[in-house]
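Structure file work00.cif (mmCIF, C-alpha atoms) follows.
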data_entry
loop_
_atom_site.label_atom_id
_atom_site.label_comp_id
_atom_site.auth_asym_id
_atom_site.auth_seq_id
_atom_site.Cartn_x
_atom_site.Cartn_y
_atom_site.Cartn_z
CA MET A 1110 53.78 22.95 -48.21
CA GLU A 1111 53.44 24.35 -51.72
CA PRO A 1112 55.97 26.97 -52.73
CA MET A 1113 54.66 30.53 -52.94
CA ARG A 1114 53.00 31.17 -56.26
CA GLY A 1115 51.58 34.25 -57.95
CA SER A 1116 51.93 37.86 -57.09
CA GLY A 1117 51.23 39.40 -53.73
CA GLU A 1118 47.89 40.62 -55.08
CA GLU A 1119 46.77 37.09 -55.93
CA ARG A 1120 47.89 35.73 -52.59
CA LEU A 1121 46.08 38.51 -50.78
CA ASP A 1122 42.92 37.78 -52.79
CA GLY A 1123 43.35 34.13 -51.85
CA LEU A 1124 43.54 35.03 -48.19
CA PHE A 1125 40.42 37.20 -48.45
CA ARG A 1126 38.60 34.40 -50.27
CA ALA A 1127 39.56 31.91 -47.59
CA PHE A 1128 38.41 34.37 -44.95
CA ALA A 1129 35.06 34.87 -46.72
CA GLU A 1130 34.57 31.10 -46.79
CA CYS A 1131 35.12 30.74 -43.04
CA PRO A 1132 31.91 29.55 -41.40
CA THR A 1133 29.94 32.16 -39.50
CA PRO A 1134 28.78 31.42 -35.97
CA GLU A 1135 25.19 30.37 -35.43
CA PRO A 1136 23.17 32.65 -33.16
CA SER A 1137 22.98 31.22 -29.67
CA ALA A 1138 19.70 30.25 -28.00
CA ASN A 1139 19.98 33.34 -25.80
CA PHE A 1140 20.35 35.77 -28.67
CA MET A 1141 16.73 36.97 -28.73
CA PRO A 1142 16.12 36.95 -24.94
CA ASP A 1143 19.37 38.87 -24.40
CA LEU A 1144 18.46 41.35 -27.11
CA TRP A 1145 15.03 42.01 -25.58
CA ALA A 1146 16.61 42.36 -22.14
CA ARG A 1147 18.97 45.01 -23.53
CA ILE A 1148 16.07 46.80 -25.25
CA ASP A 1149 14.04 46.78 -22.01
CA SER A 1150 16.98 48.00 -19.99
CA ARG A 1151 17.62 50.88 -22.44
CA GLN A 1152 13.91 51.71 -22.50
CA ASN A 1153 13.75 51.81 -18.70
CA LEU A 1154 16.75 54.09 -18.60
CA THR A 1155 15.18 56.40 -21.19
CA PHE A 1156 11.85 56.25 -19.37
CA SER A 1157 13.45 57.16 -16.02
CA PHE A 1158 15.32 60.03 -17.61
CA ARG A 1159 12.15 61.26 -19.31
CA ARG A 1160 10.22 61.08 -16.04
CA LEU A 1161 12.96 63.00 -14.28
CA ALA A 1162 13.01 65.61 -17.04
CA ASN A 1163 9.20 65.92 -16.93
CA ALA A 1164 9.25 66.35 -13.16
CA PHE A 1165 11.91 69.03 -13.50
CA VAL A 1166 9.94 70.89 -16.18
CA THR A 1167 6.73 70.69 -14.12
CA ALA A 1168 8.53 72.02 -11.03
CA ALA A 1169 10.07 74.85 -13.07
CA VAL A 1170 6.66 75.84 -14.49
CA ALA A 1171 5.08 75.75 -11.00
CA VAL A 1172 7.84 77.95 -9.56
CA SER A 1173 7.49 80.40 -12.47
CA ILE A 1174 3.73 80.67 -11.97
CA ALA A 1175 4.16 81.15 -8.21
CA LEU A 1176 6.77 83.87 -8.77
CA GLY A 1177 4.54 85.56 -11.35
CA VAL A 1178 1.60 85.60 -8.96
CA TRP A 1179 3.77 86.89 -6.12
CA MET A 1180 5.23 89.67 -8.25
CA SER A 1181 1.85 90.83 -9.56
CA TYR A 1182 0.26 90.94 -6.09
CA PRO A 1183 -0.08 94.55 -4.70
CA ARG A 1184 2.29 95.14 -1.80
CA SER A 1185 0.81 96.23 1.60
CA ASN A 1186 3.68 98.72 2.20
CA GLN A 1187 3.53 100.14 -1.30
CA SER A 1188 3.34 103.80 0.07
CA PHE A 1189 6.81 103.41 1.47
CA TYR A 1190 8.18 103.16 -2.02
CA SER A 1191 6.01 105.89 -3.51
CA GLN A 1192 8.14 108.73 -2.08
CA THR A 1193 11.60 109.81 -3.11
CA TYR A 1194 14.67 109.32 -0.98
CA VAL A 1195 14.82 112.98 0.03
CA GLU A 1196 11.13 112.97 0.95
CA ALA A 1197 11.66 109.85 2.99
CA LEU A 1198 14.57 111.55 4.79
CA GLU A 1199 12.48 114.62 5.52
CA ASN A 1200 9.66 112.57 6.90
CA SER A 1201 11.85 110.40 9.05
CA SER A 1202 13.51 113.25 11.08
CA PRO A 1203 12.33 116.73 10.05
CA SER A 1204 14.02 118.56 12.99
CA GLU A 1205 17.44 117.10 12.26
CA THR A 1206 17.06 117.96 8.67
CA MET A 1207 16.26 121.54 9.47
CA ASP A 1208 19.36 121.82 11.67
CA LEU A 1209 21.46 120.53 8.97
CA ILE A 1210 20.24 122.52 6.06
CA GLY A 1211 18.88 125.67 7.78
CA PRO A 1212 20.79 129.03 7.70
CA VAL A 1213 23.45 129.54 10.32
CA SER A 1214 22.58 132.42 12.70
CA LEU A 1215 25.33 134.15 14.64
CA ASP A 1216 24.43 135.94 17.91
CA LEU A 1217 26.65 139.07 17.89
CA SER A 1218 24.99 140.78 20.90
CA ASP A 1219 27.10 138.94 23.45
CA THR A 1220 30.44 140.38 22.33
CA GLY A 1221 31.31 142.21 25.69
CA ARG A 1222 32.90 139.19 27.18
CA MET B 435 14.84 42.33 -49.08
CA LEU B 436 14.44 39.44 -46.70
CA VAL B 437 11.19 40.89 -45.28
CA ASP B 438 8.21 42.87 -46.56
CA PHE B 439 8.16 46.57 -45.90
CA GLU B 440 4.76 45.98 -44.27
CA LEU B 441 6.52 44.03 -41.52
CA ILE B 442 8.98 46.87 -41.02
CA LYS B 443 6.09 49.35 -40.90
CA ARG B 444 4.42 47.29 -38.18
CA ALA B 445 7.69 47.17 -36.27
CA GLN B 446 7.92 50.96 -36.63
CA GLN B 447 4.49 51.26 -35.03
CA GLY B 448 5.77 49.40 -31.98
CA ASP B 449 4.69 45.85 -32.86
CA SER B 450 7.20 43.74 -30.92
CA ALA B 451 6.35 40.54 -32.78
CA ALA B 452 7.05 42.26 -36.11
CA PHE B 453 10.39 43.56 -34.84
CA ASN B 454 11.21 40.06 -33.62
CA ASP B 455 10.52 38.72 -37.13
CA VAL B 456 12.76 41.37 -38.70
CA VAL B 457 15.61 40.40 -36.35
CA LEU B 458 15.09 36.70 -37.02
CA ALA B 459 15.22 37.33 -40.76
CA TYR B 460 18.42 39.37 -40.68
CA ARG B 461 20.39 38.11 -37.71
CA LYS B 462 22.26 35.36 -39.58
CA ARG B 463 23.36 37.78 -42.28
CA ILE B 464 24.35 40.42 -39.74
CA LEU B 465 26.25 37.88 -37.65
CA GLY B 466 28.14 36.81 -40.78
CA THR B 467 29.00 40.36 -41.73
CA ILE B 468 30.16 41.23 -38.23
CA THR B 469 32.23 38.06 -38.03
CA ARG B 470 34.10 39.16 -41.12
CA LEU B 471 34.35 42.79 -40.06
CA ILE B 472 35.75 42.22 -36.60
CA ALA B 473 37.26 38.75 -37.01
CA ARG B 474 36.64 37.86 -33.35
CA PRO B 475 33.84 35.27 -33.07
CA GLU B 476 33.62 35.57 -29.28
CA ASP B 477 32.33 39.15 -29.52
CA VAL B 478 30.18 38.82 -32.63
CA GLU B 479 26.89 38.22 -30.86
CA ASP B 480 27.38 41.20 -28.58
CA VAL B 481 28.03 43.53 -31.52
CA ALA B 482 25.08 42.06 -33.45
CA GLN B 483 22.79 42.74 -30.51
CA GLU B 484 24.07 46.32 -30.43
CA VAL B 485 23.13 46.64 -34.13
CA PHE B 486 19.57 45.45 -33.51
CA LEU B 487 19.31 47.61 -30.41
CA ARG B 488 20.22 50.66 -32.51
CA LEU B 489 17.76 49.47 -35.15
CA TYR B 490 14.98 49.26 -32.57
CA PHE B 491 15.50 52.80 -31.34
CA SER B 492 15.97 54.39 -34.75
CA LEU B 493 13.40 52.47 -36.78
CA ASP B 494 10.96 55.37 -36.73
CA GLN B 495 13.41 57.43 -38.81
CA LEU B 496 13.15 55.03 -41.75
CA ARG B 497 10.97 56.42 -44.54
CA THR B 498 11.24 54.07 -47.53
CA ALA B 499 11.68 50.34 -48.02
CA GLU B 500 14.56 50.66 -50.51
CA VAL B 501 16.90 52.19 -47.98
CA PHE B 502 16.30 49.60 -45.25
CA GLU B 503 19.15 47.25 -46.14
CA PRO B 504 21.82 49.91 -46.80
CA TRP B 505 20.69 51.52 -43.60
CA LEU B 506 20.99 48.26 -41.65
CA TYR B 507 24.45 47.86 -43.17
CA ARG B 508 25.34 51.34 -41.97
CA LEU B 509 24.22 50.47 -38.45
CA THR B 510 26.32 47.31 -38.66
CA VAL B 511 29.33 49.19 -39.94
CA ASN B 512 29.02 51.80 -37.19
CA ALA B 513 28.68 49.20 -34.44
CA ALA B 514 31.67 47.27 -35.81
CA TYR B 515 33.65 50.50 -36.07
CA ASP B 516 32.89 51.42 -32.45
CA TYR B 517 33.91 47.93 -31.34
CA LEU B 518 37.18 48.02 -33.31
CA ARG B 519 38.08 51.43 -31.93
CA LYS B 520 37.63 50.14 -28.39
CA GLN B 521 39.65 47.05 -29.24
CA ARG B 522 42.44 49.09 -30.82
CA ARG B 523 42.86 50.97 -27.58
CA ARG B 524 43.33 47.69 -25.75
CA GLN B 525 45.53 45.91 -28.20
CA GLU B 526 48.08 47.65 -30.38
CA TYR B 527 48.86 46.23 -33.77
CA ARG B 528 52.13 44.41 -34.00
CA MET B 529 53.62 43.46 -37.34
CA SER B 530 55.09 40.33 -35.77
CA ASP B 531 51.55 39.04 -35.25
CA LEU B 532 51.74 37.88 -38.84
CA SER B 533 53.75 34.82 -38.16
CA GLU B 534 55.44 32.69 -40.73
CA GLN B 535 52.86 30.03 -40.22
CA GLN B 536 50.02 32.42 -40.94
CA VAL B 537 51.57 33.55 -44.20
CA MET B 538 52.08 29.94 -45.22
CA LEU B 539 48.44 29.27 -44.41
CA ALA B 540 47.45 32.15 -46.64
CA ASP B 541 49.47 30.64 -49.49
CA ALA B 542 47.92 27.27 -48.89
CA SER B 543 44.42 28.72 -48.82
CA ALA B 544 45.01 30.40 -52.15
CA GLY B 545 45.90 27.00 -53.55
CA GLY B 546 42.91 25.41 -51.83
CA LYS B 547 45.03 22.72 -50.19
CA ALA B 548 44.41 23.19 -46.50
CA GLU B 549 41.60 21.60 -44.60
CA ARG B 550 38.86 23.78 -43.17
CA ASP B 551 39.14 22.64 -39.60
CA ASP B 552 38.58 24.88 -36.61
CA GLN B 553 42.25 25.51 -36.06
CA TYR B 554 42.72 26.51 -39.65
CA VAL B 555 39.73 28.86 -39.60
CA LYS B 556 41.01 30.41 -36.40
CA LYS B 557 44.40 31.05 -37.95
CA ILE B 558 42.92 32.53 -41.11
CA ARG B 559 40.90 34.90 -38.95
CA GLU B 560 43.93 35.85 -36.90
CA SER B 561 45.98 36.44 -40.06
CA VAL B 562 43.36 38.74 -41.56
CA ASP B 563 42.83 40.48 -38.23
CA SER B 564 46.56 41.17 -37.86
CA LEU B 565 46.97 42.16 -41.48
CA LEU B 566 44.12 44.66 -41.27
CA GLY B 567 45.87 46.30 -38.35
CA ALA B 568 47.90 48.08 -41.03
CA VAL B 569 44.94 50.32 -41.85
CA SER B 570 42.52 52.43 -39.84
CA GLU B 571 39.30 50.93 -38.48
CA ALA B 572 37.27 52.82 -41.08
CA ASP B 573 39.43 51.56 -43.97
CA ARG B 574 39.44 48.07 -42.56
CA ILE B 575 35.64 47.97 -42.64
CA LEU B 576 35.49 49.49 -46.11
CA LEU B 577 38.00 46.94 -47.40
CA MET B 578 36.13 44.04 -45.81
CA LEU B 579 32.80 45.16 -47.24
CA LYS B 580 34.33 45.33 -50.72
CA GLU B 581 36.77 42.41 -50.74
CA VAL B 582 35.09 39.91 -48.46
CA GLU B 583 31.41 40.82 -48.30
CA GLY B 584 31.50 41.49 -52.03
CA LEU B 585 29.53 44.74 -52.00
CA SER B 586 29.66 46.69 -55.24
CA LEU B 587 30.78 50.31 -55.37
CA LYS B 588 27.15 51.33 -55.97
CA GLU B 589 26.09 49.52 -52.82
CA LEU B 590 28.95 51.02 -50.86
CA GLU B 591 27.90 54.42 -52.12
CA LYS B 592 24.48 53.89 -50.56
CA VAL B 593 25.96 52.68 -47.28
CA TYR B 594 28.54 55.45 -46.92
CA LYS B 595 26.69 58.22 -48.78
CA VAL B 596 29.99 59.14 -50.41
CA ASN B 597 30.63 59.38 -54.15
CA GLU B 598 32.09 56.44 -56.02
CA ASN B 599 35.40 58.10 -56.92
CA ALA B 600 36.18 58.98 -53.32
CA LEU B 601 35.46 55.36 -52.35
CA LYS B 602 37.70 54.05 -55.15
CA VAL B 603 40.60 56.17 -54.01
CA ARG B 604 40.16 55.17 -50.40
CA LEU B 605 39.83 51.50 -51.26
CA PHE B 606 42.92 51.60 -53.45
CA ARG B 607 45.03 53.20 -50.74
CA ALA B 608 43.78 50.83 -48.07
CA ARG B 609 44.46 47.80 -50.25
CA GLN B 610 47.95 49.03 -51.06
CA ARG B 611 48.72 49.41 -47.37
CA VAL B 612 47.43 45.93 -46.57
CA LEU B 613 49.30 44.48 -49.52
CA LYS B 614 52.50 46.10 -48.35
CA ALA B 615 52.04 44.62 -44.88
CA PHE B 616 51.25 41.23 -46.41
CA GLU B 617 54.34 41.26 -48.61
CA ALA B 618 56.52 42.43 -45.74
CA ALA B 619 55.27 39.50 -43.68
CA GLY B 620 55.89 37.18 -46.67
CA LYS B 621 59.49 38.36 -46.98
CA GLY B 622 60.04 37.64 -43.32
CA LYS B 623 59.31 34.02 -44.01
CA GLU B 624 62.02 33.59 -46.67
CA PRO B 625 65.38 32.29 -45.42
CA ALA B 626 68.01 34.97 -44.89
#
Would you put the structure from the file into structure tokens?
Amino acid sequence: MEPMRGSGEERLDGLFRAFAECPTPEPSANFMPDLWARIDSRQNLTFSFRRLANAFVTAAVAVSIALGVWMSYPRSNQSFYSQTYVEALENSSPSETMDLIGPVSLDLSDTGR
Amino acid sequence: MLVDFELIKRAQQGDSAAFNDVVLAYRKRILGTITRLIARPEDVEDVAQEVFLRLYFSLDQLRTAEVFEPWLYRLTVNAAYDYLRKQRRRQEYRMSDLSEQQVMLADASAGGKAERDDQYVKKIRESVDSLLGAVSEADRILLMLKEVEGLSLKELEKVYKVNENALKVRLFRARQRVLKAFEAAGKGKEPA
């Protein structure tokens, strides 16, 4: 073996040169088929995801439209909501309401007891 | 350019045969670059396929012919970087990997004395791989592109989209670190 010559820089350059001269591997026979298989697999994955996303968006739009239609439809029991709470209370039990809020009358004639 | 921009345009429009031709034109060069960037021949083809896969799915973003090659280099660099990061997690760098024998081989290669047999090539690759463990994956790739691939600073500027001065500083620091590791390994070889 030759003794070490030159500075570290030169020896490092020598190593890099030797490395650059190393032969590069030839592509194997399966390089292109494998590459296309990977492309197809990635495309299928993307396609499935896109289909899933489209289905989700379509379902969301359909639900939104259905909700919109349902909300805009006139309710059959709309009159129930057209009165205030107090009015609703009055209508539900007028006699009880009167008892509660009517003036108290004291019968003072029966004081002989 | 190894191919006409017309071919790339056809590939952009979804012509599979055109894309196939682009890959066939560049695969040898890309395999060579990746071999030097990652220094592990057994994984080179896998990383190269990843590069072309990324090319296939991003080809529509390419606007002009002049940027095709720097752009392909960038895809190569990114794929190699991702690979090296995964590798680093598996295998930590050890200074002792640079054995005496490897340093002697480096000396011999500088003198052009050793034979280029498979064993020798393997050891050169292992030496460089171990030596480059002294720097980050990003610096390793930058250093390889400059020192081994022979890219000029102008070309590196196009690949990295970073100004020349910043690249010079980074290259200098990376080289100093590698040199330090190389010299430390060389000292280890001398008798005590």
> How would you write, as a VMD selection string, the residues chosen by the PyMOL selection byres ((chain A) within 6 of (chain B)) on this structure?
Replying inline: chain A and resid 1123 to 1125 1127 1129 1133 1144
> the PyMOL selection byres ((chain B and resi 494) around 10) on the file shown: which residues, as number ranges by chain?
Replying inline: B: 442-443, 445-448, 489-493, 495-497
Starting from 3 Å padding per side, set up an axis-aligned box that covers all listed atoms of range 606-611 of chain B and hand over centre and edge lengths in Å, one decimal, as AutoDock Vina command-line options.
--center_x 45.8 --center_y 50.5 --center_z -50.4 --size_x 11.8 --size_y 11.4 --size_z 12.1
> What does the distance from CA of Val456 in chain B to CA of Phe1158 in chain A come to in Å, to one decimal?
Replying inline: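 Answer for the CA of Val456 in chain B to CA of Phe1158 in chain A separation: 28.3 Å.
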> Which distance in Å separates CA of Arg1126 in chain A and CA of Leu566 in chain B, to one decimal?
Replying inline: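 Spanning CA of Arg1126 in chain A to CA of Leu566 in chain B is a straight-line distance of 14.7 Å.
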> Just how far from CA of Asp449 in chain B is CA of Pro1136 in chain A, in Å to one decimal?
Replying inline: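 Rounded to one decimal, the two atoms are 22.7 Å apart.
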> Just so the selection is clear, what residues does the PyMOL selection byres ((chain B and resi 498-511) around 6) cover here, as a ChimeraX atom specification?
Replying inline: /B:439,485,497,512-515,593
